[in-house]
$ cat query-v6.cif   # mmCIF, N, CA and C atoms
data_coords
#
loop_
_atom_site.label_atom_id
_atom_site.label_comp_id
_atom_site.auth_asym_id
_atom_site.auth_seq_id
_atom_site.Cartn_x
_atom_site.Cartn_y
_atom_site.Cartn_z
N MET A 1 71.30 3.77 65.81
CA MET A 1 71.92 4.44 66.91
C MET A 1 71.69 3.65 68.19
N ALA A 2 72.76 3.44 68.90
CA ALA A 2 72.64 2.78 70.18
C ALA A 2 73.81 3.18 71.06
N PHE A 3 73.54 3.37 72.33
CA PHE A 3 74.64 3.57 73.26
C PHE A 3 74.22 3.07 74.62
N TRP A 4 75.20 2.74 75.41
CA TRP A 4 75.01 2.18 76.72
C TRP A 4 75.65 3.10 77.75
N GLU A 5 74.97 3.32 78.84
CA GLU A 5 75.48 4.17 79.92
C GLU A 5 75.88 3.29 81.09
N ASP A 6 77.04 3.59 81.65
CA ASP A 6 77.52 2.86 82.83
C ASP A 6 78.06 3.87 83.82
N GLN A 7 77.86 3.60 85.09
CA GLN A 7 78.33 4.49 86.13
C GLN A 7 79.14 3.67 87.11
N ASP A 8 80.27 4.21 87.52
CA ASP A 8 81.14 3.51 88.47
C ASP A 8 80.35 3.17 89.72
N SER A 9 80.31 1.90 90.07
CA SER A 9 79.50 1.46 91.21
C SER A 9 79.96 2.07 92.53
N GLN A 10 81.21 2.50 92.61
CA GLN A 10 81.71 3.11 93.84
C GLN A 10 81.45 4.61 93.87
N LEU A 11 81.01 5.15 92.77
CA LEU A 11 80.78 6.59 92.67
C LEU A 11 79.33 6.88 92.32
N LYS A 12 78.39 6.25 92.99
CA LYS A 12 76.97 6.37 92.67
C LYS A 12 76.50 7.82 92.63
N SER A 13 77.08 8.69 93.46
CA SER A 13 76.65 10.08 93.48
C SER A 13 77.35 10.92 92.42
N SER A 14 78.33 10.35 91.75
CA SER A 14 79.08 11.08 90.73
C SER A 14 78.28 11.21 89.44
N LYS A 15 78.50 12.31 88.75
CA LYS A 15 77.85 12.49 87.45
C LYS A 15 78.80 12.09 86.31
N LYS A 16 80.00 11.65 86.67
CA LYS A 16 80.94 11.19 85.66
C LYS A 16 80.48 9.81 85.20
N LYS A 17 80.24 9.67 83.90
CA LYS A 17 79.67 8.44 83.36
C LYS A 17 80.49 7.94 82.18
N SER A 18 80.36 6.66 81.92
CA SER A 18 80.98 6.04 80.76
C SER A 18 79.88 5.52 79.84
N PHE A 19 80.08 5.73 78.55
CA PHE A 19 79.13 5.29 77.55
C PHE A 19 79.85 4.40 76.55
N VAL A 20 79.11 3.55 75.87
CA VAL A 20 79.61 2.76 74.76
C VAL A 20 78.65 2.98 73.60
N ALA A 21 79.20 3.38 72.45
CA ALA A 21 78.36 3.66 71.27
C ALA A 21 78.75 2.73 70.13
N ASP A 22 77.80 2.45 69.27
CA ASP A 22 78.07 1.61 68.09
C ASP A 22 78.95 2.32 67.08
N SER A 23 78.65 3.60 66.82
CA SER A 23 79.39 4.34 65.79
C SER A 23 79.59 5.80 66.21
N ALA A 24 80.48 6.48 65.52
CA ALA A 24 80.78 7.87 65.83
C ALA A 24 79.56 8.77 65.66
N SER A 25 78.64 8.39 64.80
CA SER A 25 77.44 9.20 64.59
C SER A 25 76.56 9.24 65.85
N ASP A 26 76.74 8.27 66.73
CA ASP A 26 75.97 8.25 67.98
C ASP A 26 76.43 9.31 68.99
N ILE A 27 77.62 9.84 68.81
CA ILE A 27 78.16 10.81 69.77
C ILE A 27 77.25 12.03 69.90
N SER A 28 76.65 12.46 68.82
CA SER A 28 75.77 13.63 68.87
C SER A 28 74.51 13.39 69.71
N SER A 29 74.21 12.12 70.01
CA SER A 29 73.04 11.80 70.83
C SER A 29 73.36 11.73 72.32
N LEU A 30 74.62 11.82 72.67
CA LEU A 30 75.00 11.75 74.08
C LEU A 30 74.62 13.03 74.81
N PRO A 31 74.32 12.92 76.08
CA PRO A 31 73.92 14.12 76.84
C PRO A 31 75.10 15.06 77.08
N THR A 32 74.78 16.35 77.15
CA THR A 32 75.78 17.37 77.48
C THR A 32 75.26 18.28 78.58
N ASP A 33 74.15 17.90 79.19
CA ASP A 33 73.53 18.73 80.23
C ASP A 33 74.16 18.44 81.60
N ASP A 34 73.52 18.87 82.64
CA ASP A 34 74.04 18.71 83.99
C ASP A 34 73.93 17.28 84.52
N SER A 35 73.39 16.36 83.72
CA SER A 35 73.31 14.97 84.17
C SER A 35 74.64 14.24 84.02
N VAL A 36 75.58 14.85 83.28
CA VAL A 36 76.91 14.26 83.09
C VAL A 36 77.99 15.29 83.43
N ALA A 37 79.09 14.79 83.99
CA ALA A 37 80.18 15.67 84.39
C ALA A 37 81.28 15.71 83.34
N ILE A 38 82.05 16.79 83.38
CA ILE A 38 83.25 16.89 82.57
C ILE A 38 84.14 15.69 82.90
N GLY A 39 84.71 15.07 81.87
CA GLY A 39 85.54 13.89 82.07
C GLY A 39 84.80 12.59 81.80
N SER A 40 83.48 12.67 81.60
CA SER A 40 82.74 11.49 81.19
C SER A 40 83.30 11.02 79.85
N ASP A 41 83.17 9.75 79.55
CA ASP A 41 83.79 9.23 78.33
C ASP A 41 82.84 8.32 77.55
N CYS A 42 83.22 8.10 76.30
CA CYS A 42 82.45 7.21 75.43
C CYS A 42 83.40 6.46 74.50
N LEU A 43 83.31 5.14 74.51
CA LEU A 43 84.06 4.30 73.60
C LEU A 43 83.17 4.00 72.39
N VAL A 44 83.71 4.21 71.19
CA VAL A 44 82.98 3.91 69.95
C VAL A 44 83.46 2.54 69.46
N ILE A 45 82.56 1.57 69.43
CA ILE A 45 82.92 0.20 69.07
C ILE A 45 83.48 0.10 67.65
N ALA A 46 82.85 0.74 66.70
CA ALA A 46 83.23 0.59 65.29
C ALA A 46 84.65 1.07 64.99
N THR A 47 85.13 2.07 65.74
CA THR A 47 86.43 2.66 65.43
C THR A 47 87.45 2.57 66.56
N SER A 48 87.01 2.16 67.73
CA SER A 48 87.84 2.13 68.95
C SER A 48 88.24 3.53 69.42
N ASP A 49 87.58 4.55 68.88
CA ASP A 49 87.85 5.92 69.33
C ASP A 49 87.24 6.14 70.70
N VAL A 50 87.84 7.04 71.46
CA VAL A 50 87.33 7.42 72.77
C VAL A 50 87.04 8.92 72.73
N TYR A 51 85.85 9.28 73.20
CA TYR A 51 85.45 10.68 73.29
C TYR A 51 85.33 11.04 74.76
N ILE A 52 85.75 12.26 75.10
CA ILE A 52 85.70 12.76 76.47
C ILE A 52 84.88 14.04 76.48
N LEU A 53 84.01 14.20 77.47
CA LEU A 53 83.24 15.44 77.61
C LEU A 53 84.17 16.49 78.21
N ASP A 54 84.44 17.55 77.44
CA ASP A 54 85.40 18.55 77.90
C ASP A 54 84.74 19.70 78.66
N SER A 55 85.53 20.67 79.05
CA SER A 55 85.04 21.77 79.89
C SER A 55 84.04 22.68 79.20
N THR A 56 83.93 22.58 77.87
CA THR A 56 82.93 23.37 77.15
C THR A 56 81.67 22.55 76.89
N LYS A 57 81.61 21.35 77.54
CA LYS A 57 80.47 20.43 77.40
C LYS A 57 80.33 19.93 75.96
N THR A 58 81.50 19.69 75.33
CA THR A 58 81.57 19.15 73.98
C THR A 58 82.23 17.78 74.05
N TRP A 59 81.69 16.81 73.33
CA TRP A 59 82.31 15.48 73.27
C TRP A 59 83.46 15.58 72.28
N SER A 60 84.71 15.48 72.79
CA SER A 60 85.91 15.64 71.96
C SER A 60 86.63 14.30 71.83
N LYS A 61 87.07 14.01 70.61
CA LYS A 61 87.79 12.77 70.36
C LYS A 61 89.17 12.84 71.01
N LEU A 62 89.51 11.85 71.79
CA LEU A 62 90.78 11.80 72.47
C LEU A 62 91.91 11.70 71.45
N GLY A 63 92.88 12.58 71.57
CA GLY A 63 94.01 12.58 70.65
C GLY A 63 93.70 13.15 69.28
N GLY A 64 92.53 13.74 69.15
CA GLY A 64 92.16 14.21 67.82
C GLY A 64 91.73 15.61 67.85
#

$ encode --input "query-v6.cif" --output "structure tokens"
Amino acid sequence: MAFWEDQDSQLKSSKKKSFVADSASDISSLPTDDSVAIGSDCLVIATSDVYILDSTKTWSKLGG
């Protein structure tokens, strides 16, 4: 399991974050607390899938 967190340099005060994960199994390790905002995203390298943190604080696969 590995993932990388990145934050827009122009939005330092924003809680919207971007992550990069090795595999889809890493998604369950991503935060869902108040440290991340709805709309945060994660790219999964192995599948090229993108997950977005939705309004229920669930990481949902884009288009899926």

$ residues_around --input "query-v6.cif" --residues "A:Ser23" --least-positions-apart "2" --cutoff "10 Å" --atoms "only C-alpha atoms" --output "PyMOL selection string"
chain A and resi 1-3+20-21+25-27+43-49

$ closest_residue --input "query-v6.cif" --among "A:Ser18, A:Tyr51, A:Thr56, A:Lys61" --to "A:Asp33" --atoms "only C-alpha atoms"
A:Thr56

$ atom_distance --input "query-v6.cif" --atom1 "atom C of A:Asp22" --atom2 "atom CA of A:Asp34"
24.1 Å

$ atom_distance --input "query-v6.cif" --atom1 "atom N of A:Lys15" --atom2 "atom CA of A:Asp41"
12.1 Å

$ residues_around --input "query-v6.cif" --residues "A:Ser40" --least-positions-apart "5" --cutoff "5 Å" --atoms "only N, CA and C atoms" --output "PyMOL selection string"
chain A and resi 16-17+52-53

$ write_last_selection --input "query-v6.cif" --atoms "N, CA and C atoms" --output "tab-separated table (two decimals), in the frame of the given file"
chain	number	residue	atom	x	y	z
A	16	LYS	N	80.00	11.65	86.67
A	16	LYS	CA	80.94	11.19	85.66
A	16	LYS	C	80.48	9.81	85.20
A	17	LYS	N	80.24	9.67	83.90
A	17	LYS	CA	79.67	8.44	83.36
A	17	LYS	C	80.49	7.94	82.18
A	52	ILE	N	85.75	12.26	75.10
A	52	ILE	CA	85.70	12.76	76.47
A	52	ILE	C	84.88	14.04	76.48
A	53	LEU	N	84.01	14.20	77.47
A	53	LEU	CA	83.24	15.44	77.61
A	53	LEU	C	84.17	16.49	78.21

$ atom_distance --input "query-v6.cif" --atom1 "atom CA of A:Val36" --atom2 "atom CA of A:Ala24"
18.8 Å

$ select_by_dssp --input "query-v6.cif" --residues "stretch 18-58 of chain A" --states "strand (DSSP E or B)" --output "PyMOL selection string"
chain A and resi 18-21+41-44+50-53
